>>> print(open('model35.txt').read())   # compact mmCIF, C-alpha atoms
# COMPACT_ATOMS: atom_id res chain seq x y z
CA MET U 1 16.22 -22.37 64.78
CA LYS U 2 14.01 -24.00 67.44
CA LEU U 3 13.11 -20.63 68.83
CA LYS U 4 12.06 -19.39 65.46
CA LEU U 5 9.84 -22.41 64.78
CA LYS U 6 8.24 -21.97 68.17
CA ASN U 7 7.41 -18.38 67.35
CA VAL U 8 5.91 -19.40 64.03
CA PHE U 9 3.68 -22.02 65.61
CA LEU U 10 2.61 -19.57 68.31
CA ALA U 11 1.66 -16.96 65.73
CA TYR U 12 -0.26 -19.54 63.72
CA PHE U 13 -2.15 -20.63 66.85
CA LEU U 14 -3.11 -17.06 67.74
CA VAL U 15 -4.33 -16.36 64.21
CA SER U 16 -6.42 -19.55 64.25
CA ILE U 17 -8.02 -18.56 67.54
CA ALA U 18 -8.81 -15.09 66.20
CA GLY U 19 -10.41 -16.59 63.09
CA LEU U 20 -12.51 -18.96 65.18
CA LEU U 21 -13.76 -16.11 67.38
CA TYR U 22 -14.66 -14.04 64.31
CA ALA U 23 -16.64 -16.95 62.82
CA LEU U 24 -18.57 -17.40 66.09
CA VAL U 25 -19.45 -13.70 66.19
CA GLN U 26 -20.76 -13.79 62.63
CA LEU U 27 -22.77 -16.92 63.35
CA ALA U 28 -24.37 -15.23 66.33
CA LYS U 29 -25.34 -12.21 64.22
CA GLY U 30 -26.92 -14.50 61.63
CA MET U 31 -28.90 -16.27 64.29
CA ASP U 32 -30.16 -12.92 65.59
CA ARG U 33 -31.52 -12.11 62.11
CA THR U 34 -33.12 -15.48 61.46
CA LEU U 35 -34.61 -16.13 64.91
CA PRO U 36 -37.50 -13.62 64.60
CA LEU U 37 -38.56 -15.09 61.27
CA MET U 38 -38.32 -18.62 62.62
CA GLN U 39 -40.31 -17.59 65.68
CA ARG U 40 -43.04 -16.15 63.49
CA PHE U 41 -43.30 -19.38 61.48
CA ARG U 42 -43.26 -21.41 64.72
CA ASP U 43 -46.06 -19.31 66.16
CA SER U 44 -48.05 -19.68 62.97
CA ALA U 45 -47.61 -23.43 62.99
CA THR U 46 -48.61 -23.62 66.64
CA ALA U 47 -51.72 -21.58 66.02
CA LEU U 48 -52.75 -23.78 63.10
CA SER U 49 -52.22 -26.98 65.06
CA SER U 50 -54.27 -25.66 68.00
CA GLY U 51 -57.06 -24.51 65.70
CA GLN U 52 -56.59 -20.88 66.62
CA PRO U 53 -56.76 -18.19 63.92
CA CYS U 54 -53.39 -16.66 62.93
CA ASP U 55 -52.15 -13.96 60.58
CA CYS U 56 -50.08 -16.21 58.26
CA LEU U 57 -50.54 -14.31 55.00
CA PRO U 58 -47.99 -11.44 55.39
CA PRO U 59 -44.90 -13.67 55.79
CA LEU U 60 -46.09 -15.98 53.03
CA ARG U 61 -46.74 -13.05 50.71
CA ALA U 62 -43.33 -11.58 51.51
CA ALA U 63 -41.62 -14.89 50.74
CA ALA U 64 -43.60 -15.30 47.52
CA GLU U 65 -42.68 -11.77 46.42
CA GLN U 66 -39.00 -12.44 47.02
CA LEU U 67 -39.21 -15.60 44.94
CA ARG U 68 -41.05 -13.75 42.18
CA GLN U 69 -38.40 -11.00 42.07
CA LYS U 70 -35.65 -13.59 41.86
CA ASP U 71 -37.42 -15.45 39.06
CA LEU U 72 -37.93 -12.18 37.19
CA ARG U 73 -34.24 -11.27 37.50
CA ILE U 74 -33.23 -14.74 36.31
CA SER U 75 -35.51 -14.38 33.27
CA GLN U 76 -34.01 -10.97 32.45
CA LEU U 77 -30.47 -12.34 32.64
CA GLN U 78 -31.38 -15.29 30.43
CA ALA U 79 -32.93 -12.95 27.85
CA GLU U 80 -29.78 -10.81 27.83
CA LEU U 81 -27.66 -13.90 27.26
CA ARG U 82 -29.82 -14.98 24.32
CA ARG U 83 -29.77 -11.51 22.76
CA PRO U 84 -27.19 -11.29 19.90
CA PRO U 85 -24.30 -8.89 20.52
CA PRO U 86 -24.63 -5.45 18.95
CA ALA U 87 -23.20 -5.25 15.44
CA PRO U 88 -19.92 -3.31 15.25
CA ALA U 89 -19.93 0.01 13.49
CA GLN U 90 -19.76 -0.76 9.79
CA PRO U 91 -17.36 1.14 7.52
CA PRO U 92 -18.91 3.05 4.63
CA GLU U 93 -19.94 0.98 1.66
CA PRO U 94 -17.24 0.91 -1.03
CA GLU U 95 -19.55 2.76 -3.40
CA ALA U 96 -19.69 5.65 -0.91
CA LEU U 97 -15.90 6.00 -0.69
CA PRO U 98 -14.00 8.46 -2.89
CA THR U 99 -11.95 6.64 -5.52
CA ILE U 100 -8.16 6.69 -5.24
CA TYR U 101 -6.52 7.04 -8.67
CA VAL U 102 -2.98 5.67 -8.39
CA VAL U 103 -0.69 6.83 -11.22
CA THR U 104 2.38 4.63 -11.79
CA PRO U 105 4.96 5.23 -14.51
CA THR U 106 6.92 2.11 -15.45
CA TYR U 107 9.63 1.12 -17.90
CA ALA U 108 11.15 -2.16 -19.09
CA ARG U 109 13.99 -3.62 -17.05
CA LEU U 110 14.85 -6.93 -15.44
CA VAL U 111 13.12 -6.12 -12.14
CA GLN U 112 10.02 -4.53 -13.72
CA LYS U 113 7.73 -7.51 -13.23
CA ALA U 114 8.90 -8.04 -9.66
CA GLU U 115 8.24 -4.38 -8.84
CA LEU U 116 4.78 -4.37 -10.43
CA VAL U 117 3.72 -7.65 -8.80
CA ARG U 118 4.68 -6.32 -5.38
CA LEU U 119 2.89 -3.02 -5.94
CA SER U 120 -0.23 -4.61 -7.41
CA GLN U 121 -0.60 -6.89 -4.41
CA THR U 122 -0.42 -3.92 -2.07
CA LEU U 123 -3.01 -2.04 -4.11
CA SER U 124 -5.32 -5.05 -4.12
CA LEU U 125 -5.78 -4.56 -0.35
CA VAL U 126 -7.24 -1.09 -0.85
CA PRO U 127 -10.97 -0.71 -1.62
CA ARG U 128 -12.24 1.68 -4.26
CA LEU U 129 -8.93 2.06 -6.11
CA HIS U 130 -8.24 2.65 -9.81
CA TRP U 131 -4.71 1.92 -11.06
CA LEU U 132 -3.41 4.05 -13.94
CA LEU U 133 -0.30 2.21 -15.16
CA VAL U 134 1.63 4.15 -17.81
CA GLU U 135 4.36 2.44 -19.82
CA ASP U 136 7.36 4.30 -21.20
CA ALA U 137 7.17 2.57 -24.59
CA GLU U 138 5.83 2.94 -28.11
CA GLY U 139 3.10 0.42 -27.46
CA PRO U 140 1.74 -1.87 -24.74
CA THR U 141 3.95 -4.81 -23.84
CA PRO U 142 2.58 -8.32 -23.25
CA LEU U 143 4.15 -8.48 -19.79
CA VAL U 144 2.40 -5.38 -18.47
CA SER U 145 -0.87 -6.17 -20.25
CA GLY U 146 -0.92 -9.68 -18.80
CA LEU U 147 0.02 -8.51 -15.33
CA LEU U 148 -2.79 -5.95 -15.30
CA ALA U 149 -5.33 -8.47 -16.54
CA ALA U 150 -4.35 -10.92 -13.78
CA SER U 151 -4.17 -8.33 -11.00
CA GLY U 152 -7.90 -8.24 -10.25
CA LEU U 153 -7.67 -4.45 -9.97
CA LEU U 154 -9.72 -1.83 -11.76
CA PHE U 155 -7.10 -0.42 -14.10
CA THR U 156 -6.40 1.75 -17.12
CA HIS U 157 -3.40 0.92 -19.30
CA LEU U 158 -1.69 3.91 -20.91
CA VAL U 159 1.42 4.18 -23.05
CA VAL U 160 3.66 7.10 -24.01
CA LEU U 161 7.31 7.14 -25.04
CA THR U 162 9.69 9.58 -23.38
CA PRO U 163 11.19 11.93 -26.03
CA LYS U 164 14.76 11.11 -26.96
CA ALA U 165 16.03 14.45 -25.66
CA GLN U 166 14.66 13.61 -22.20
CA ARG U 167 16.04 10.10 -21.96
CA LEU U 168 18.98 9.26 -19.76
CA ARG U 169 22.09 8.22 -21.63
CA GLU U 170 24.10 5.22 -20.57
CA GLY U 171 26.01 6.05 -17.40
CA GLU U 172 24.18 9.31 -16.64
CA PRO U 173 22.93 9.80 -13.07
CA GLY U 174 19.18 9.71 -12.59
CA TRP U 175 18.89 13.37 -11.64
CA VAL U 176 20.11 14.72 -15.02
CA HIS U 177 16.61 14.47 -16.48
CA PRO U 178 13.38 14.15 -14.47
CA ARG U 179 11.90 10.72 -15.05
CA GLY U 180 8.31 9.70 -15.60
CA VAL U 181 7.19 13.20 -16.61
CA GLU U 182 5.49 12.23 -19.88
CA GLN U 183 3.88 9.22 -18.24
CA ARG U 184 2.39 11.17 -15.32
CA ASN U 185 1.11 13.89 -17.66
CA LYS U 186 -0.44 11.19 -19.87
CA ALA U 187 -2.42 9.97 -16.85
CA LEU U 188 -3.55 13.54 -16.10
CA ASP U 189 -4.70 13.87 -19.72
CA TRP U 190 -6.76 10.70 -19.41
CA LEU U 191 -8.37 11.90 -16.18
CA ARG U 192 -9.31 15.13 -17.99
CA GLY U 193 -11.08 13.22 -20.72
CA ARG U 194 -8.42 13.33 -23.43
CA GLY U 195 -8.39 9.58 -23.99
CA GLY U 196 -5.40 7.45 -24.89
CA ALA U 197 -6.14 4.25 -22.97
CA VAL U 198 -4.92 1.04 -24.62
CA GLY U 199 -6.39 -1.36 -22.10
CA GLY U 200 -8.69 -1.68 -19.11
CA GLU U 201 -11.16 1.07 -18.27
CA LYS U 202 -11.09 3.55 -21.15
CA ASP U 203 -13.71 6.08 -20.00
CA PRO U 204 -12.46 8.82 -17.65
CA PRO U 205 -14.31 9.57 -14.41
CA PRO U 206 -17.59 11.41 -15.06
CA PRO U 207 -17.97 15.02 -13.90
CA GLY U 208 -18.59 15.34 -10.19
CA THR U 209 -16.66 12.20 -9.28
CA GLN U 210 -15.18 12.40 -5.81
CA GLY U 211 -11.65 11.06 -5.73
CA VAL U 212 -7.99 11.69 -5.10
CA VAL U 213 -4.94 11.29 -7.35
CA TYR U 214 -1.68 9.81 -6.05
CA PHE U 215 1.59 9.38 -7.95
CA ALA U 216 3.07 6.04 -6.84
CA ASP U 217 6.35 4.93 -8.41
CA ASP U 218 6.68 1.20 -8.93
CA ASP U 219 9.76 0.76 -6.71
CA ASN U 220 8.54 2.39 -3.48
CA THR U 221 7.06 0.58 -0.48
CA TYR U 222 3.57 1.59 0.67
CA SER U 223 1.60 0.88 3.82
CA ARG U 224 -2.06 0.11 3.27
CA GLU U 225 -2.87 2.78 5.88
CA LEU U 226 -1.45 5.47 3.62
CA PHE U 227 -4.29 5.15 1.13
CA GLU U 228 -6.95 5.60 3.79
CA GLU U 229 -5.10 8.67 5.04
CA MET U 230 -5.30 10.32 1.62
CA ARG U 231 -8.79 9.19 0.61
CA TRP U 232 -10.69 12.21 2.01
CA THR U 233 -8.30 14.86 0.67
CA ARG U 234 -10.09 18.14 -0.06
CA GLY U 235 -7.21 19.95 -1.77
CA VAL U 236 -3.62 18.71 -1.45
CA SER U 237 -2.67 16.42 1.44
CA VAL U 238 0.92 15.73 2.56
CA TRP U 239 2.87 13.34 4.82
CA PRO U 240 6.47 12.23 5.46
CA VAL U 241 8.41 9.90 3.17
CA GLY U 242 11.07 7.59 4.59
CA LEU U 243 14.58 6.97 3.24
CA VAL U 244 14.74 9.97 0.92
CA GLY U 245 16.94 13.00 0.43
CA GLY U 246 19.83 11.42 2.33
CA LEU U 247 17.72 11.50 5.51
CA ARG U 248 15.80 8.97 7.57
CA PHE U 249 12.72 10.78 6.33
CA GLU U 250 11.61 14.03 4.72
CA GLY U 251 8.30 15.68 5.39
CA PRO U 252 6.23 18.65 6.46
CA GLN U 253 6.59 20.26 9.88
CA VAL U 254 3.20 20.82 11.50
CA GLN U 255 2.12 23.19 14.25
CA ASP U 256 -1.47 23.50 15.49
CA GLY U 257 -2.65 21.37 12.58
CA ARG U 258 -1.05 23.53 9.87
CA VAL U 259 2.07 23.03 7.78
CA VAL U 260 4.63 25.63 8.87
CA GLY U 261 7.77 24.25 7.21
CA PHE U 262 9.54 21.20 5.84
CA HIS U 263 12.15 18.86 7.25
CA THR U 264 14.60 18.50 4.37
CA ALA U 265 18.32 18.90 3.78
CA TRP U 266 18.51 19.55 0.03
CA GLU U 267 17.36 22.95 -1.27
CA PRO U 268 14.91 23.67 1.56
CA ASN U 269 13.85 26.89 -0.21
CA ARG U 270 12.08 25.03 -3.00
CA PRO U 271 8.41 26.10 -3.30
CA PHE U 272 7.32 22.59 -2.28
CA PRO U 273 10.25 20.56 -0.89
CA VAL U 274 8.33 17.27 -0.93
CA ASP U 275 8.92 13.90 -2.57
CA MET U 276 6.65 12.60 -5.33
CA ALA U 277 5.36 9.95 -2.89
CA GLY U 278 4.58 12.54 -0.23
CA PHE U 279 1.37 14.18 -1.49
CA ALA U 280 -2.02 13.52 -3.07
CA VAL U 281 -4.37 15.85 -4.95
CA ALA U 282 -8.15 15.91 -4.89
CA LEU U 283 -9.53 14.96 -8.31
CA PRO U 284 -11.95 17.94 -8.52
CA LEU U 285 -9.04 20.33 -7.91
CA LEU U 286 -7.02 18.78 -10.75
CA LEU U 287 -9.98 18.96 -13.11
CA ASP U 288 -10.58 22.62 -12.19
CA LYS U 289 -6.96 23.41 -13.14
CA PRO U 290 -6.64 22.01 -16.68
CA ASN U 291 -3.20 23.54 -17.23
CA ALA U 292 -1.64 22.04 -14.10
CA GLN U 293 0.91 19.40 -15.09
CA PHE U 294 4.52 18.36 -14.56
CA ASP U 295 7.20 20.41 -16.33
CA SER U 296 9.89 18.30 -17.98
CA THR U 297 12.22 21.33 -18.01
CA ALA U 298 11.92 21.93 -14.26
CA PRO U 299 15.26 22.21 -12.41
CA ARG U 300 16.48 19.28 -10.40
CA GLY U 301 14.21 18.64 -7.43
CA HIS U 302 11.52 21.05 -8.63
CA LEU U 303 9.34 18.56 -10.55
CA GLU U 304 6.80 18.26 -7.72
CA SER U 305 6.72 22.04 -7.34
CA SER U 306 6.00 22.48 -11.05
CA LEU U 307 2.63 20.80 -10.51
CA LEU U 308 1.75 21.90 -6.99
CA SER U 309 2.45 25.57 -7.66
CA HIS U 310 -0.61 25.57 -9.95
CA LEU U 311 -2.84 23.95 -7.34
CA VAL U 312 -2.28 25.16 -3.78
CA ASP U 313 -0.52 27.58 -1.48
CA PRO U 314 1.92 25.90 0.96
CA LYS U 315 -0.02 27.21 3.96
CA ASP U 316 -3.15 25.40 2.73
CA LEU U 317 -1.58 21.94 2.61
CA GLU U 318 -3.50 19.29 4.58
CA PRO U 319 -1.24 17.33 6.96
CA ARG U 320 -2.04 13.63 7.27
CA ALA U 321 -0.49 10.64 9.05
CA ALA U 322 -1.04 11.96 12.61
CA ASN U 323 0.06 15.50 11.73
CA CYS U 324 2.99 14.13 9.73
CA THR U 325 4.45 12.18 12.65
CA ARG U 326 4.11 8.74 11.03
CA VAL U 327 6.00 7.35 8.04
CA LEU U 328 3.71 5.21 5.85
CA VAL U 329 5.70 5.21 2.57
CA TRP U 330 9.37 4.52 1.94
CA HIS U 331 11.49 5.55 -1.04
CA THR U 332 13.03 2.10 -1.50
CA ARG U 333 15.00 1.00 -4.54
CA THR U 334 15.59 -2.49 -5.83
CA GLU U 335 19.24 -3.32 -6.37
CA LYS U 336 20.19 -3.64 -10.04
CA PRO U 337 20.79 -7.35 -10.74
CA LYS U 338 24.24 -8.42 -11.88
CA MET U 339 23.99 -10.49 -15.06
CA LYS U 340 27.64 -11.38 -15.77
CA GLN U 341 27.10 -15.10 -15.34
CA GLU U 342 23.95 -14.98 -17.47
CA GLU U 343 25.81 -13.20 -20.26
CA GLN U 344 28.63 -15.72 -20.08
CA LEU U 345 26.20 -18.63 -20.39
CA GLN U 346 24.42 -16.87 -23.24
CA ARG U 347 27.67 -16.64 -25.17
CA GLN U 348 28.08 -20.39 -24.67
CA GLY U 349 24.54 -21.04 -25.86
CA ARG U 350 23.44 -22.21 -22.40
CA GLY U 351 21.51 -19.17 -21.18
CA SER U 352 18.39 -19.24 -19.04
CA ASP U 353 15.22 -20.51 -20.71
CA PRO U 354 13.90 -17.53 -22.71
CA ALA U 355 10.37 -18.92 -22.54
CA ILE U 356 10.21 -18.02 -18.83
CA GLU U 357 8.97 -14.44 -18.63
CA MET U 358 11.18 -12.08 -16.64
CA TRP U 359 10.75 -8.69 -18.24
CA ALA U 360 9.09 -6.77 -21.06
CA PRO U 361 11.67 -5.97 -23.73
CA VAL U 362 11.59 -2.49 -25.23
CA ALA U 363 12.51 -1.58 -28.77
CA ALA U 364 16.06 -0.54 -29.58
CA GLN U 365 17.60 1.08 -32.62
CA VAL U 366 19.35 -1.46 -34.85
CA GLU U 367 21.89 -0.19 -37.32
CA PRO U 368 22.64 -1.83 -40.67
CA GLY U 369 25.38 -4.38 -40.16
CA SER U 370 24.72 -4.81 -36.44
CA LYS U 371 24.96 -8.33 -35.09
CA LEU U 372 21.80 -9.59 -33.42
CA TRP U 373 22.63 -12.57 -31.30
CA SER U 374 20.67 -15.27 -29.53
CA PRO U 375 21.45 -18.95 -29.02
CA GLY U 376 21.62 -20.67 -32.38
CA CYS U 377 20.95 -17.58 -34.43
CA SER U 378 23.06 -14.72 -35.76
CA ILE U 379 22.35 -12.07 -38.38
CA ARG U 380 25.33 -10.28 -39.89
CA GLN U 381 24.21 -8.89 -43.23
CA LYS U 382 21.29 -6.62 -43.91
CA SER U 383 20.57 -8.34 -47.22
CA VAL U 384 19.74 -11.71 -45.69
CA LEU U 385 16.58 -10.69 -43.84
CA PRO U 386 13.49 -11.94 -45.62
CA GLY U 387 10.13 -10.23 -45.79
CA PRO U 388 9.27 -6.54 -45.35
CA HIS U 389 11.85 -5.81 -42.63
CA PRO U 390 15.17 -5.04 -44.35
CA LEU U 391 17.74 -3.34 -42.13
CA ASP U 392 18.70 -0.73 -44.71
CA LYS U 393 17.15 1.82 -42.31
CA LYS U 394 16.96 1.98 -38.53
CA LYS U 395 14.39 -0.51 -37.37
CA GLN U 396 12.78 -0.80 -33.94
CA LEU U 397 13.33 -4.39 -32.84
CA LEU U 398 15.06 -5.18 -29.61
CA PRO U 399 15.93 -4.20 -26.04
CA SER U 400 19.06 -2.17 -25.55
CA LYS U 401 20.21 -2.06 -21.94
CA ASN U 402 20.10 -3.51 -18.38
CA PHE U 403 19.83 -7.15 -19.48
CA ILE U 404 22.36 -7.02 -22.33
CA GLU U 405 24.81 -4.74 -24.05
CA SER U 406 23.47 -1.80 -25.99
CA ILE U 407 23.43 -2.05 -29.74
CA SER U 408 26.28 -0.02 -31.14
CA GLU U 409 25.53 3.01 -33.26
CA SER U 410 28.50 2.01 -35.37
CA ALA U 411 28.30 -0.91 -37.76
CA SER U 412 32.01 -1.46 -37.28
CA ARG U 413 31.52 -2.31 -33.59
CA PRO U 414 28.65 -4.82 -33.44
CA SER U 415 27.15 -5.55 -30.01
CA HIS U 416 25.34 -8.62 -28.82
CA VAL U 417 21.62 -8.48 -28.09
CA THR U 418 19.57 -11.22 -26.51
CA PHE U 419 15.81 -11.47 -27.05
CA PRO U 420 13.48 -14.39 -26.24
CA SER U 421 12.49 -16.22 -29.39
CA LEU U 422 14.26 -13.60 -31.53
CA CYS U 423 14.92 -15.94 -34.42
CA SER U 424 11.44 -17.41 -34.29
CA LEU U 425 10.08 -13.89 -34.70
CA LEU U 426 12.36 -13.00 -37.61
CA PHE U 427 12.40 -16.44 -39.19
CA PRO U 428 9.15 -18.33 -38.53
CA GLY U 429 10.47 -21.30 -40.50
CA GLY U 430 13.38 -21.94 -38.17
CA SER U 431 16.05 -20.36 -36.02
CA ASP U 432 19.19 -21.86 -37.54
CA TYR U 433 19.55 -19.27 -40.28
CA LYS U 434 22.98 -17.67 -40.53
CA GLY U 435 23.57 -14.75 -42.80
>>> encode(input="model35.txt", output="structure tokens")
Amino acid sequence: MKLKLKNVFLAYFLVSIAGLLYALVQLAKGMDRTLPLMQRFRDSATALSSGQPCDCLPPLRAAAEQLRQKDLRISQLQAELRRPPPAPAQPPEPEALPTIYVVTPTYARLVQKAELVRLSQTLSLVPRLHWLLVEDAEGPTPLVSGLLAASGLLFTHLVVLTPKAQRLREGEPGWVHPRGVEQRNKALDWLRGRGGAVGGEKDPPPPGTQGVVYFADDDNTYSRELFEEMRWTRGVSVWPVGLVGGLRFEGPQVQDGRVVGFHTAWEPNRPFPVDMAGFAVALPLLLDKPNAQFDSTAPRGHLESSLLSHLVDPKDLEPRAANCTRVLVWHTRTEKPKMKQEEQLQRQGRGSDPAIEMWAPVAAQVEPGSKLWSPGCSIRQKSVLPGPHPLDKKKQLLPSKNFIESISESASRPSHVTFPSLCSLLFPGGSDYKG
């Protein structure tokens, strides 16, 4: 250990000596440079003190010039510091951006308001966007109308009821009938100037409007980036969709900037094996093809193809999202709430406060003799209803599924139906009437 410490001290001493020698050498070099100048000043001073003429101006001028150059450089640096930084490149003004028309079909269910609130808040982050919200109903519901009015978005409210033959029956899987067909076609009709708006902006876009149309279901999840990807679509643009078709994602396969195939597992030979959330169409193209629309009789999985086949050839699709290598939309689904406890409390007259808005009830067919139930009110006989609404014929009144049991088609098997303020609607004078 002693030997090692000795070696360390010896090395430290040698390094110190070397550093000292280097400093002395540098000092000597500096003296060599400054001595001539000092000698010149000394000679000048000697000449002045002895009264002899001397050439003092060149060194003084040289020194003054050096000082002037330094002052000039300092002034330049100070001016650069005071100069404001250059403004960053500004994005185009919103008025110069093509408008994105987002078409959303929606229908009444317990999670409807939650879905629409989430979607509307995503859309509110996107500039130059027009929301076309289309209800599957006979008329506009207060919930959807109020939500649109409070959203702060530019919107158009449309309504169209799905024909009975196209509706899903209780217990049928969702693929039996394509959903949202009438609603999407209603939005296309409005864009083509055929009217039908019940709220919001009622005039369609004027001829020559630059824009893009996107079909956004209310239960999907969308990145804000997706809308900027589609905004400059010239024909039909495409991108991957996550969590769809039993895969992590489905989407186009791109080579050299062109779509050459599709990554999909189910019926890959479809004309356009893409999800509804996986494409957007330029507005001028849609307006130039007035007969292009969705076909409600299209086979399973061919609904998208029924529209796109009228608009574009697969080889002309425009890949977006980094040549379809990024997923910016996900085909998510909200779990259906379980309402067993709610129904049990309703039967005991202790259900959740009906004044708190949760959903927009849709009309249901009520048969003569059906029992319409809500806390403190029951109606058993068709003859007891006052006013112009006798139940001697089918009457559109109440919701039928998801929140409560469907009304039975048979008068011999009455079902229970819950509706906020049902009795106050039927009996303005009070809700304790029992037939």
>>> atom_distance(input="model35.txt", atom1="atom CA of Gly171 of chain U", atom2="atom CA of Ile356 of chain U")
28.8 Å
>>> atom_distance(input="model35.txt", atom1="atom CA of Phe272 of chain U", atom2="atom CA of Arg248 of chain U")
18.8 Å
>>> closest_atom_pairs(input="model35.txt", of="segment 157-236 of chain U", to="segment 312-319 of chain U", cutoff="12 Å", atoms="only C-alpha atoms", output="Markdown table")
| residue | atom | partner | partner_atom | distance |
| --- | --- | --- | --- | --- |
| U:Glu229 | CA | U:Pro319 | CA | 9.7 |
| U:Met230 | CA | U:Glu318 | CA | 9.6 |
| U:Trp232 | CA | U:Glu318 | CA | 10.4 |
| U:Thr233 | CA | U:Glu318 | CA | 7.6 |
| U:Arg234 | CA | U:Glu318 | CA | 8.1 |
| U:Gly235 | CA | U:Glu318 | CA | 7.4 |
| U:Val236 | CA | U:Leu317 | CA | 5.6 |
>>> residues_around(input="model35.txt", residues="Leu132 of chain U", least_positions_apart="3", cutoff="12 Å", atoms="all atoms listed in the file", output="JSON, numbers by chain")
{"U": [100, 101, 102, 103, 104, 105, 106, 120, 123, 129, 135, 144, 148, 153, 154, 155, 156, 157, 158, 159, 183, 184, 185, 186, 187, 188, 189, 190, 191, 196, 197, 198, 199, 200, 201, 202, 204, 213, 214, 215, 216, 217, 218]}
>>> residues_near_point(input="model35.txt", point="(13.4, 22.6, -8.8)", cutoff="9 Å", atoms="only C-alpha atoms", output="list in words")
Glu267, Arg270, Pro271, Phe272, Pro273, Ala298, Pro299, Arg300, Gly301, His302, Leu303, Glu304, Ser305 and Ser306 of chain U
>>> build_atoms(input="model35.txt", residues="segment 291-296 of chain U", atoms="all heavy atoms", output="compact mmCIF listing (two decimals), in the coordinates of the input")
# COMPACT_ATOMS: atom_id res chain seq x y z
N ASN U 291 -4.57 23.30 -16.78
CA ASN U 291 -3.20 23.54 -17.23
C ASN U 291 -2.16 23.04 -16.23
O ASN U 291 -0.96 23.16 -16.49
CB ASN U 291 -2.99 25.04 -17.48
CG ASN U 291 -3.85 25.55 -18.62
OD1 ASN U 291 -4.05 24.86 -19.61
ND2 ASN U 291 -4.37 26.77 -18.48
N ALA U 292 -2.58 22.54 -15.10
CA ALA U 292 -1.64 22.04 -14.10
C ALA U 292 -1.07 20.70 -14.54
O ALA U 292 -1.81 19.74 -14.75
CB ALA U 292 -2.34 21.91 -12.75
N GLN U 293 0.24 20.65 -14.72
CA GLN U 293 0.91 19.40 -15.09
C GLN U 293 2.37 19.50 -14.69
O GLN U 293 2.86 20.53 -14.23
CB GLN U 293 0.78 19.12 -16.58
CG GLN U 293 1.43 20.17 -17.46
CD GLN U 293 1.33 19.80 -18.94
OE1 GLN U 293 0.68 18.84 -19.32
NE2 GLN U 293 2.00 20.56 -19.78
N PHE U 294 3.10 18.40 -14.87
CA PHE U 294 4.52 18.36 -14.56
C PHE U 294 5.31 18.98 -15.71
O PHE U 294 5.00 18.76 -16.89
CB PHE U 294 4.98 16.94 -14.30
CG PHE U 294 4.37 16.32 -13.07
CD1 PHE U 294 3.27 15.47 -13.17
CD2 PHE U 294 4.87 16.59 -11.82
CE1 PHE U 294 2.70 14.90 -12.05
CE2 PHE U 294 4.31 16.03 -10.68
CZ PHE U 294 3.22 15.19 -10.80
N ASP U 295 6.36 19.72 -15.35
CA ASP U 295 7.20 20.41 -16.33
C ASP U 295 8.49 19.63 -16.52
O ASP U 295 9.30 19.51 -15.59
CB ASP U 295 7.49 21.83 -15.85
CG ASP U 295 8.30 22.64 -16.86
OD1 ASP U 295 8.59 22.11 -17.96
OD2 ASP U 295 8.65 23.79 -16.54
N SER U 296 8.69 19.10 -17.71
CA SER U 296 9.89 18.30 -17.98
C SER U 296 11.16 19.13 -17.96
O SER U 296 12.26 18.58 -17.87
CB SER U 296 9.76 17.59 -19.33
OG SER U 296 9.62 18.54 -20.38
